[in-house]
>>> print(open('my_file-v2.txt').read())   # compact mmCIF, N, CA and C atoms
# COMPACT_ATOMS: atom_id res chain seq x y z
N MET F 40 215.11 97.94 186.81
CA MET F 40 214.31 96.98 186.06
C MET F 40 213.57 96.10 187.07
N SER F 41 212.29 96.06 186.98
CA SER F 41 211.45 95.25 187.84
C SER F 41 210.60 94.36 186.95
N MET F 42 210.57 93.06 187.29
CA MET F 42 209.81 92.14 186.45
C MET F 42 209.12 91.08 187.29
N THR F 43 208.11 90.50 186.71
CA THR F 43 207.39 89.40 187.35
C THR F 43 208.20 88.12 187.19
N ILE F 44 207.77 87.08 187.87
CA ILE F 44 208.46 85.80 187.75
C ILE F 44 208.39 85.27 186.32
N SER F 45 207.28 85.50 185.65
CA SER F 45 207.17 85.01 184.27
C SER F 45 208.11 85.77 183.34
N ALA F 46 208.27 87.06 183.56
CA ALA F 46 209.21 87.84 182.74
C ALA F 46 210.65 87.41 183.04
N LEU F 47 210.95 87.16 184.31
CA LEU F 47 212.29 86.70 184.68
C LEU F 47 212.58 85.36 184.01
N ALA F 48 211.63 84.44 184.11
CA ALA F 48 211.80 83.11 183.50
C ALA F 48 212.01 83.23 182.00
N ARG F 49 211.17 84.01 181.36
CA ARG F 49 211.25 84.19 179.90
C ARG F 49 212.59 84.79 179.50
N SER F 50 213.10 85.74 180.29
CA SER F 50 214.37 86.40 179.95
C SER F 50 215.55 85.43 179.96
N SER F 51 215.41 84.34 180.71
CA SER F 51 216.48 83.35 180.79
C SER F 51 216.18 82.06 180.06
N GLY F 52 215.04 82.01 179.40
CA GLY F 52 214.70 80.83 178.63
C GLY F 52 214.31 79.62 179.46
N VAL F 53 213.74 79.87 180.64
CA VAL F 53 213.28 78.77 181.49
C VAL F 53 211.80 78.97 181.80
N GLY F 54 211.20 77.99 182.41
CA GLY F 54 209.81 78.10 182.83
C GLY F 54 209.71 78.66 184.23
N VAL F 55 208.54 79.12 184.57
CA VAL F 55 208.28 79.65 185.91
C VAL F 55 208.56 78.59 186.97
N GLU F 56 208.19 77.35 186.71
CA GLU F 56 208.42 76.29 187.69
C GLU F 56 209.91 76.05 187.92
N THR F 57 210.73 76.28 186.89
CA THR F 57 212.17 76.15 187.06
C THR F 57 212.68 77.22 188.02
N VAL F 58 212.20 78.45 187.86
CA VAL F 58 212.59 79.53 188.78
C VAL F 58 212.18 79.16 190.20
N ARG F 59 210.97 78.66 190.37
CA ARG F 59 210.50 78.27 191.70
C ARG F 59 211.33 77.12 192.28
N TYR F 60 211.72 76.20 191.42
CA TYR F 60 212.56 75.09 191.86
C TYR F 60 213.91 75.62 192.36
N TYR F 61 214.51 76.53 191.62
CA TYR F 61 215.78 77.12 192.05
C TYR F 61 215.60 77.86 193.38
N GLN F 62 214.45 78.47 193.58
CA GLN F 62 214.18 79.15 194.85
C GLN F 62 214.09 78.12 195.98
N ARG F 63 213.40 77.04 195.75
CA ARG F 63 213.29 76.00 196.79
C ARG F 63 214.64 75.41 197.12
N ARG F 64 215.52 75.32 196.12
CA ARG F 64 216.87 74.79 196.33
C ARG F 64 217.81 75.81 196.97
N GLY F 65 217.36 77.05 197.12
CA GLY F 65 218.18 78.08 197.73
C GLY F 65 219.17 78.74 196.78
N LEU F 66 218.99 78.51 195.49
CA LEU F 66 219.90 79.10 194.50
C LEU F 66 219.48 80.51 194.12
N LEU F 67 218.22 80.81 194.28
CA LEU F 67 217.67 82.09 193.88
C LEU F 67 216.74 82.56 195.00
N ALA F 68 216.86 83.82 195.37
CA ALA F 68 216.04 84.37 196.44
C ALA F 68 214.59 84.51 196.01
N THR F 69 213.70 84.43 196.98
CA THR F 69 212.28 84.68 196.75
C THR F 69 211.97 86.05 197.33
N PRO F 70 211.72 87.03 196.48
CA PRO F 70 211.46 88.38 197.00
C PRO F 70 210.12 88.47 197.73
N GLU F 71 210.02 89.46 198.59
CA GLU F 71 208.75 89.71 199.29
C GLU F 71 207.71 90.18 198.28
N ARG F 72 206.47 89.96 198.63
CA ARG F 72 205.38 90.42 197.77
C ARG F 72 205.17 91.91 198.00
N GLY F 73 205.15 92.65 196.93
CA GLY F 73 204.80 94.07 196.99
C GLY F 73 203.53 94.25 196.21
N ALA F 74 202.49 94.74 196.84
CA ALA F 74 201.18 94.89 196.19
C ALA F 74 200.69 93.54 195.66
N GLY F 75 201.02 92.47 196.38
CA GLY F 75 200.54 91.15 196.02
C GLY F 75 201.34 90.43 194.95
N ILE F 76 202.35 91.08 194.41
CA ILE F 76 203.14 90.48 193.33
C ILE F 76 204.62 90.52 193.71
N ARG F 77 205.31 89.44 193.48
CA ARG F 77 206.76 89.41 193.70
C ARG F 77 207.42 90.08 192.50
N ARG F 78 208.40 90.91 192.79
CA ARG F 78 209.12 91.61 191.73
C ARG F 78 210.59 91.21 191.78
N TYR F 79 211.14 90.96 190.60
CA TYR F 79 212.52 90.55 190.46
C TYR F 79 213.28 91.67 189.76
N ASP F 80 214.59 91.76 190.05
CA ASP F 80 215.37 92.84 189.46
C ASP F 80 216.52 92.30 188.63
N ALA F 81 217.39 93.20 188.18
CA ALA F 81 218.50 92.82 187.31
C ALA F 81 219.45 91.84 188.00
N ALA F 82 219.63 92.00 189.31
CA ALA F 82 220.51 91.07 190.05
C ALA F 82 219.95 89.66 190.01
N ASP F 83 218.63 89.53 190.11
CA ASP F 83 218.00 88.20 190.01
C ASP F 83 218.21 87.61 188.62
N ALA F 84 218.08 88.44 187.60
CA ALA F 84 218.28 87.98 186.22
C ALA F 84 219.72 87.54 186.01
N ARG F 85 220.68 88.29 186.57
CA ARG F 85 222.10 87.90 186.45
C ARG F 85 222.35 86.57 187.16
N ARG F 86 221.77 86.41 188.35
CA ARG F 86 221.97 85.18 189.10
C ARG F 86 221.36 83.99 188.36
N LEU F 87 220.18 84.18 187.80
CA LEU F 87 219.56 83.12 187.02
C LEU F 87 220.41 82.81 185.79
N GLY F 88 220.97 83.82 185.16
CA GLY F 88 221.88 83.61 184.04
C GLY F 88 223.12 82.84 184.45
N PHE F 89 223.65 83.15 185.64
CA PHE F 89 224.80 82.42 186.18
C PHE F 89 224.46 80.94 186.34
N ILE F 90 223.30 80.68 186.94
CA ILE F 90 222.87 79.29 187.16
C ILE F 90 222.76 78.55 185.84
N ARG F 91 222.13 79.16 184.86
CA ARG F 91 221.96 78.52 183.55
C ARG F 91 223.30 78.29 182.86
N GLY F 92 224.19 79.27 182.94
CA GLY F 92 225.51 79.11 182.33
C GLY F 92 226.31 77.99 182.99
N ALA F 93 226.24 77.93 184.31
CA ALA F 93 226.96 76.87 185.03
C ALA F 93 226.37 75.50 184.70
N GLN F 94 225.06 75.44 184.51
CA GLN F 94 224.44 74.17 184.10
C GLN F 94 224.92 73.75 182.72
N ARG F 95 225.02 74.71 181.81
CA ARG F 95 225.51 74.38 180.46
C ARG F 95 226.94 73.85 180.52
N ALA F 96 227.70 74.31 181.50
CA ALA F 96 229.07 73.81 181.66
C ALA F 96 229.09 72.45 182.34
N GLY F 97 227.91 71.98 182.76
CA GLY F 97 227.81 70.64 183.33
C GLY F 97 227.87 70.57 184.84
N PHE F 98 227.87 71.72 185.52
CA PHE F 98 227.89 71.69 186.98
C PHE F 98 226.53 71.22 187.49
N THR F 99 226.54 70.48 188.60
CA THR F 99 225.31 70.06 189.25
C THR F 99 224.74 71.25 190.02
N LEU F 100 223.49 71.16 190.40
CA LEU F 100 222.89 72.23 191.18
C LEU F 100 223.59 72.39 192.53
N GLU F 101 224.05 71.31 193.10
CA GLU F 101 224.80 71.38 194.36
C GLU F 101 226.10 72.16 194.15
N GLN F 102 226.82 71.86 193.08
CA GLN F 102 228.06 72.58 192.78
C GLN F 102 227.78 74.05 192.47
N ILE F 103 226.68 74.30 191.78
CA ILE F 103 226.31 75.69 191.46
C ILE F 103 226.04 76.45 192.74
N GLY F 104 225.36 75.81 193.67
CA GLY F 104 225.12 76.45 194.97
C GLY F 104 226.41 76.81 195.65
N GLU F 105 227.37 75.92 195.59
CA GLU F 105 228.68 76.21 196.20
C GLU F 105 229.37 77.36 195.46
N LEU F 106 229.33 77.34 194.15
CA LEU F 106 229.94 78.43 193.38
C LEU F 106 229.29 79.77 193.72
N LEU F 107 227.98 79.78 193.88
CA LEU F 107 227.27 81.01 194.21
C LEU F 107 227.69 81.57 195.57
N HIS F 108 228.08 80.69 196.47
CA HIS F 108 228.46 81.14 197.81
C HIS F 108 229.94 81.47 197.93
N LEU F 109 230.71 81.17 196.91
CA LEU F 109 232.13 81.51 196.96
C LEU F 109 232.32 83.01 196.79
N ASP F 110 233.31 83.53 197.45
CA ASP F 110 233.67 84.94 197.29
C ASP F 110 234.61 85.04 196.09
N ALA F 111 234.26 85.87 195.11
CA ALA F 111 235.03 85.96 193.86
C ALA F 111 236.48 86.35 194.11
N GLY F 112 236.75 87.07 195.17
CA GLY F 112 238.12 87.51 195.42
C GLY F 112 238.90 86.60 196.34
N GLN F 113 238.20 85.80 197.12
CA GLN F 113 238.87 85.00 198.15
C GLN F 113 238.90 83.50 197.89
N ASP F 114 237.98 83.01 197.10
CA ASP F 114 237.82 81.56 196.97
C ASP F 114 238.19 81.03 195.59
N ARG F 115 239.16 81.66 194.98
CA ARG F 115 239.55 81.22 193.63
C ARG F 115 240.04 79.78 193.61
N GLY F 116 240.73 79.37 194.63
CA GLY F 116 241.25 78.00 194.70
C GLY F 116 240.13 76.98 194.65
N ARG F 117 239.09 77.20 195.41
CA ARG F 117 237.96 76.26 195.42
C ARG F 117 237.23 76.28 194.07
N ALA F 118 237.09 77.46 193.50
CA ALA F 118 236.45 77.56 192.18
C ALA F 118 237.26 76.78 191.14
N ARG F 119 238.59 76.91 191.19
CA ARG F 119 239.45 76.14 190.26
C ARG F 119 239.30 74.65 190.50
N GLU F 120 239.20 74.25 191.78
CA GLU F 120 239.04 72.84 192.11
C GLU F 120 237.73 72.29 191.55
N LEU F 121 236.65 73.04 191.71
CA LEU F 121 235.37 72.61 191.15
C LEU F 121 235.45 72.52 189.62
N ALA F 122 236.10 73.50 189.00
CA ALA F 122 236.24 73.47 187.54
C ALA F 122 237.08 72.27 187.10
N SER F 123 238.14 71.99 187.83
CA SER F 123 238.99 70.84 187.49
C SER F 123 238.21 69.53 187.60
N GLU F 124 237.40 69.41 188.64
CA GLU F 124 236.57 68.21 188.79
C GLU F 124 235.60 68.07 187.62
N ARG F 125 235.03 69.20 187.20
CA ARG F 125 234.08 69.18 186.08
C ARG F 125 234.79 68.81 184.79
N ILE F 126 235.99 69.35 184.59
CA ILE F 126 236.78 69.04 183.39
C ILE F 126 237.09 67.55 183.34
N ALA F 127 237.48 66.97 184.48
CA ALA F 127 237.79 65.54 184.53
C ALA F 127 236.54 64.72 184.18
N ALA F 128 235.39 65.13 184.69
CA ALA F 128 234.15 64.41 184.38
C ALA F 128 233.80 64.53 182.90
N LEU F 129 234.01 65.72 182.34
CA LEU F 129 233.76 65.91 180.91
C LEU F 129 234.71 65.08 180.06
N ASP F 130 235.99 65.03 180.46
CA ASP F 130 236.97 64.22 179.73
C ASP F 130 236.58 62.75 179.74
N ALA F 131 236.10 62.26 180.88
CA ALA F 131 235.66 60.87 180.98
C ALA F 131 234.47 60.62 180.07
N LYS F 132 233.53 61.55 180.06
CA LYS F 132 232.34 61.41 179.20
C LYS F 132 232.73 61.46 177.72
N ILE F 133 233.65 62.35 177.38
CA ILE F 133 234.13 62.44 175.99
C ILE F 133 234.78 61.13 175.57
N ALA F 134 235.62 60.56 176.44
CA ALA F 134 236.28 59.29 176.13
C ALA F 134 235.24 58.18 175.93
N GLU F 135 234.23 58.17 176.79
CA GLU F 135 233.16 57.17 176.67
C GLU F 135 232.41 57.33 175.35
N MET F 136 232.13 58.56 174.99
CA MET F 136 231.40 58.81 173.74
C MET F 136 232.26 58.49 172.51
N GLN F 137 233.56 58.77 172.59
CA GLN F 137 234.45 58.45 171.48
C GLN F 137 234.54 56.94 171.29
N ALA F 138 234.57 56.20 172.39
CA ALA F 138 234.61 54.74 172.30
C ALA F 138 233.30 54.21 171.70
N ALA F 139 232.18 54.78 172.11
CA ALA F 139 230.89 54.37 171.55
C ALA F 139 230.83 54.68 170.06
N ARG F 140 231.34 55.86 169.69
CA ARG F 140 231.35 56.25 168.28
C ARG F 140 232.21 55.29 167.45
N ALA F 141 233.38 54.95 167.98
CA ALA F 141 234.29 54.04 167.26
C ALA F 141 233.64 52.67 167.09
N ALA F 142 232.97 52.19 168.14
CA ALA F 142 232.31 50.88 168.06
C ALA F 142 231.18 50.91 167.04
N LEU F 143 230.39 51.96 167.06
CA LEU F 143 229.28 52.07 166.11
C LEU F 143 229.80 52.24 164.68
N GLU F 144 230.87 52.98 164.53
CA GLU F 144 231.48 53.15 163.20
C GLU F 144 231.97 51.80 162.66
N ARG F 145 232.59 51.00 163.53
CA ARG F 145 233.07 49.67 163.14
C ARG F 145 231.90 48.78 162.71
N LEU F 146 230.80 48.83 163.48
CA LEU F 146 229.63 48.03 163.14
C LEU F 146 229.02 48.49 161.83
N ALA F 147 228.99 49.78 161.59
CA ALA F 147 228.43 50.31 160.35
C ALA F 147 229.27 49.86 159.16
N ARG F 148 230.60 49.84 159.31
CA ARG F 148 231.47 49.36 158.23
C ARG F 148 231.21 47.87 157.96
N GLN F 149 231.07 47.08 159.02
CA GLN F 149 230.79 45.65 158.87
C GLN F 149 229.45 45.44 158.18
N CYS F 150 228.48 46.25 158.54
CA CYS F 150 227.14 46.13 157.94
C CYS F 150 227.20 46.48 156.46
N HIS F 151 227.95 47.50 156.13
CA HIS F 151 228.06 47.95 154.74
C HIS F 151 228.87 46.96 153.88
N ALA F 152 229.78 46.21 154.51
CA ALA F 152 230.68 45.33 153.78
C ALA F 152 229.97 44.14 153.15
N SER F 153 228.82 43.76 153.69
CA SER F 153 228.16 42.56 153.17
C SER F 153 226.66 42.64 153.42
N ASP F 154 225.92 42.06 152.48
CA ASP F 154 224.47 41.96 152.65
C ASP F 154 224.08 40.56 153.12
N GLU F 155 225.07 39.73 153.41
CA GLU F 155 224.83 38.35 153.83
C GLU F 155 224.69 38.27 155.35
N GLY F 156 223.81 37.40 155.81
CA GLY F 156 223.67 37.14 157.24
C GLY F 156 223.01 38.29 157.99
N PRO F 157 222.98 38.15 159.31
CA PRO F 157 222.34 39.20 160.12
C PRO F 157 223.14 40.50 160.11
N CYS F 158 222.43 41.57 160.26
CA CYS F 158 223.07 42.89 160.31
C CYS F 158 223.91 42.99 161.58
N PRO F 159 225.19 43.32 161.49
CA PRO F 159 226.06 43.41 162.67
C PRO F 159 225.60 44.46 163.68
N ILE F 160 224.97 45.51 163.21
CA ILE F 160 224.50 46.55 164.13
C ILE F 160 223.39 45.99 165.02
N ILE F 161 222.40 45.38 164.38
CA ILE F 161 221.27 44.83 165.13
C ILE F 161 221.73 43.69 166.01
N ALA F 162 222.58 42.84 165.48
CA ALA F 162 223.09 41.69 166.25
C ALA F 162 223.86 42.14 167.49
N ALA F 163 224.61 43.22 167.39
CA ALA F 163 225.40 43.72 168.52
C ALA F 163 224.51 44.16 169.67
N PHE F 164 223.34 44.69 169.38
CA PHE F 164 222.45 45.19 170.42
C PHE F 164 221.47 44.14 170.95
N GLU F 165 221.37 43.02 170.21
CA GLU F 165 220.46 41.96 170.64
C GLU F 165 221.06 41.09 171.73
N GLY F 166 222.34 41.00 171.81
CA GLY F 166 222.85 40.06 172.78
C GLY F 166 224.20 40.33 173.21
>>> encode(input="my_file-v2.txt", output="structure tokens")
Amino acid sequence: MSMTISALARSSGVGVETVRYYQRRGLLATPERGAGIRRYDAADARRLGFIRGAQRAGFTLEQIGELLHLDAGQDRGRARELASERIAALDAKIAEMQAARAALERLARQCHASDEGPCPIIAAFEG
């Protein structure tokens, strides 16, 4: 399978500039021009898919670069360490969002409880 950069980008749901950005960051190789056009193959599409999947899991591009350079058979410990760090960050974000949800829910109940005075939701964000 040989494809242009636009076909590669489209196959992964990203823009051409995103592919170029990943190339500048060293996450994706830039193939040589053949007949004036760069051609990408299935391995490039898999790598781009890996990058996108790791981003959805919340890994930074720096962490993704490290994951890409790990040997699947030899570096399992480091991969687990990176995953554990990501899980801890996600847990912290979830806790933060749950606290925000609880606070907003409390304000909504207060707002619903009475039509007198200023709205507790608006008042909470004003000062």
>>> residues_around(input="my_file-v2.txt", residues="Leu121 in chain F", least_positions_apart="6", cutoff="8 Å", atoms="all atoms listed in the file", output="list in words")
Gln102, Arg115 and Ala127 of chain F
>>> select_by_dssp(input="my_file-v2.txt", residues="chain F", states="helix (DSSP H, G or I)", output="MDAnalysis selection string")
chainID F and resid 44:51 55:63 81:95 100:108 115:152 159:165
>>> atom_distance(input="my_file-v2.txt", atom1="atom N of Ser50 in chain F", atom2="atom N of Gly112 in chain F")
28.0 Å
>>> residues_around(input="my_file-v2.txt", residues="Arg72 in chain F", least_positions_apart="5", cutoff="12 Å", atoms="only C-alpha atoms", output="list of chain:residue names")
F:Thr43, F:Ile44, F:Arg77, F:Arg78, F:Tyr79
>>> atom_distance(input="my_file-v2.txt", atom1="CA of Arg59 in chain F", atom2="CA of Leu129 in chain F")
28.5 Å
>>> select_by_dssp(input="my_file-v2.txt", residues="chain F", states="strand (DSSP E or B)", output="MDAnalysis selection string")
chainID F and resid 42 72:73 76:77 79
>>> write_last_selection(input="my_file-v2.txt", atoms="N, CA and C atoms", output="mmCIF file, keeping the file's coordinate frame")
data_model
loop_
_atom_site.group_PDB
_atom_site.id
_atom_site.type_symbol
_atom_site.label_atom_id
_atom_site.label_comp_id
_atom_site.auth_asym_id
_atom_site.auth_seq_id
_atom_site.Cartn_x
_atom_site.Cartn_y
_atom_site.Cartn_z
ATOM 1 N N MET F 42 210.570 93.060 187.290
ATOM 2 C CA MET F 42 209.810 92.140 186.450
ATOM 3 C C MET F 42 209.120 91.080 187.290
ATOM 4 N N ARG F 72 206.470 89.960 198.630
ATOM 5 C CA ARG F 72 205.380 90.420 197.770
ATOM 6 C C ARG F 72 205.170 91.910 198.000
ATOM 7 N N GLY F 73 205.150 92.650 196.930
ATOM 8 C CA GLY F 73 204.800 94.070 196.990
ATOM 9 C C GLY F 73 203.530 94.250 196.210
ATOM 10 N N ILE F 76 202.350 91.080 194.410
ATOM 11 C CA ILE F 76 203.140 90.480 193.330
ATOM 12 C C ILE F 76 204.620 90.520 193.710
ATOM 13 N N ARG F 77 205.310 89.440 193.480
ATOM 14 C CA ARG F 77 206.760 89.410 193.700
ATOM 15 C C ARG F 77 207.420 90.080 192.500
ATOM 16 N N TYR F 79 211.140 90.960 190.600
ATOM 17 C CA TYR F 79 212.520 90.550 190.460
ATOM 18 C C TYR F 79 213.280 91.670 189.760
#
>>> atom_distance(input="my_file-v2.txt", atom1="CA of Thr57 in chain F", atom2="CA of Ala118 in chain F")
24.9 Å
>>> residues_around(input="my_file-v2.txt", residues="Gln62 in chain F", least_positions_apart="5", cutoff="12 Å", atoms="only C-alpha atoms", output="list in words")
Ile44, Val55, Glu56, Thr57, Leu67, Ala68, Thr69, Pro70, Asp83, Arg86, Leu87, Ile90, Leu100 and Gly104 of chain F
>>> residues_around(input="my_file-v2.txt", residues="range 159-166 of chain F", least_positions_apart="2", cutoff="6 Å", atoms="all atoms listed in the file", output="list in words")
Leu146, Gln149, Cys150 and Pro157 of chain F
>>> residues_around(input="my_file-v2.txt", residues="Glu124 in chain F", least_positions_apart="4", cutoff="12 Å", atoms="only C-alpha atoms", output="list of chain:residue names")
F:Ala96, F:Gly97, F:Phe98, F:Thr99, F:Gln102, F:Arg117, F:Ala118, F:Arg119, F:Glu120, F:Ala128, F:Leu129, F:Asp130, F:Ala131
>>> write_last_selection(input="my_file-v2.txt", atoms="N, CA and C atoms", output="mmCIF file, keeping the file's coordinate frame")
data_model
loop_
_atom_site.group_PDB
_atom_site.id
_atom_site.type_symbol
_atom_site.label_atom_id
_atom_site.label_comp_id
_atom_site.auth_asym_id
_atom_site.auth_seq_id
_atom_site.Cartn_x
_atom_site.Cartn_y
_atom_site.Cartn_z
ATOM 1 N N ALA F 96 227.700 74.310 181.500
ATOM 2 C CA ALA F 96 229.070 73.810 181.660
ATOM 3 C C ALA F 96 229.090 72.450 182.340
ATOM 4 N N GLY F 97 227.910 71.980 182.760
ATOM 5 C CA GLY F 97 227.810 70.640 183.330
ATOM 6 C C GLY F 97 227.870 70.570 184.840
ATOM 7 N N PHE F 98 227.870 71.720 185.520
ATOM 8 C CA PHE F 98 227.890 71.690 186.980
ATOM 9 C C PHE F 98 226.530 71.220 187.490
ATOM 10 N N THR F 99 226.540 70.480 188.600
ATOM 11 C CA THR F 99 225.310 70.060 189.250
ATOM 12 C C THR F 99 224.740 71.250 190.020
ATOM 13 N N GLN F 102 226.820 71.860 193.080
ATOM 14 C CA GLN F 102 228.060 72.580 192.780
ATOM 15 C C GLN F 102 227.780 74.050 192.470
ATOM 16 N N ARG F 117 239.090 77.200 195.410
ATOM 17 C CA ARG F 117 237.960 76.260 195.420
ATOM 18 C C ARG F 117 237.230 76.280 194.070
ATOM 19 N N ALA F 118 237.090 77.460 193.500
ATOM 20 C CA ALA F 118 236.450 77.560 192.180
ATOM 21 C C ALA F 118 237.260 76.780 191.140
ATOM 22 N N ARG F 119 238.590 76.910 191.190
ATOM 23 C CA ARG F 119 239.450 76.140 190.260
ATOM 24 C C ARG F 119 239.300 74.650 190.500
ATOM 25 N N GLU F 120 239.200 74.250 191.780
ATOM 26 C CA GLU F 120 239.040 72.840 192.110
ATOM 27 C C GLU F 120 237.730 72.290 191.550
ATOM 28 N N ALA F 128 235.390 65.130 184.690
ATOM 29 C CA ALA F 128 234.150 64.410 184.380
ATOM 30 C C ALA F 128 233.800 64.530 182.900
ATOM 31 N N LEU F 129 234.010 65.720 182.340
ATOM 32 C CA LEU F 129 233.760 65.910 180.910
ATOM 33 C C LEU F 129 234.710 65.080 180.060
ATOM 34 N N ASP F 130 235.990 65.030 180.460
ATOM 35 C CA ASP F 130 236.970 64.220 179.730
ATOM 36 C C ASP F 130 236.580 62.750 179.740
ATOM 37 N N ALA F 131 236.100 62.260 180.880
ATOM 38 C CA ALA F 131 235.660 60.870 180.980
ATOM 39 C C ALA F 131 234.470 60.620 180.070
#
>>> decode(input="my_file-v2.txt", residues="range 119-162 of chain F", atoms="C-alpha atoms", output="compact mmCIF listing (two decimals), in the first residue's frame")
# COMPACT_ATOMS: atom_id res chain seq x y z
CA ARG F 119 4.41 0.11 32.63
CA GLU F 120 6.01 3.05 34.44
CA LEU F 121 4.81 5.49 31.79
CA ALA F 122 1.32 3.96 31.92
CA SER F 123 1.27 4.19 35.72
CA GLU F 124 2.25 7.86 35.55
CA ARG F 125 -0.54 8.48 33.05
CA ILE F 126 -3.07 6.61 35.21
CA ALA F 127 -2.09 8.73 38.23
CA ALA F 128 -2.54 11.92 36.19
CA LEU F 129 -5.93 10.71 34.94
CA ASP F 130 -7.00 9.84 38.49
CA ALA F 131 -6.06 13.34 39.65
CA LYS F 132 -8.00 14.89 36.77
CA ILE F 133 -11.02 12.68 37.49
CA ALA F 134 -10.96 13.71 41.17
CA GLU F 135 -10.74 17.37 40.15
CA MET F 136 -13.67 16.99 37.76
CA GLN F 137 -15.76 15.11 40.34
CA ALA F 138 -15.16 17.90 42.85
CA ALA F 139 -16.17 20.51 40.25
CA ARG F 140 -19.28 18.48 39.41
CA ALA F 141 -20.25 18.19 43.08
CA ALA F 142 -19.78 21.93 43.61
CA LEU F 143 -21.84 22.80 40.54
CA GLU F 144 -24.52 20.31 41.54
CA ARG F 145 -24.72 21.93 45.00
CA LEU F 146 -25.03 25.39 43.43
CA ALA F 147 -27.74 24.17 41.05
CA ARG F 148 -29.72 22.75 44.01
CA GLN F 149 -29.36 26.07 45.87
CA CYS F 150 -30.49 27.96 42.78
CA HIS F 151 -33.50 25.70 42.33
CA ALA F 152 -34.47 25.93 46.03
CA SER F 153 -35.41 29.61 45.89
CA ASP F 154 -36.20 32.38 43.47
CA GLU F 155 -35.23 35.00 46.06
CA GLY F 156 -31.99 36.98 45.93
CA PRO F 157 -29.07 36.52 43.57
CA CYS F 158 -28.59 33.26 41.75
CA PRO F 159 -26.02 31.16 43.68
CA ILE F 160 -24.47 29.89 40.46
CA ILE F 161 -23.77 33.37 39.09
CA ALA F 162 -22.75 34.69 42.50
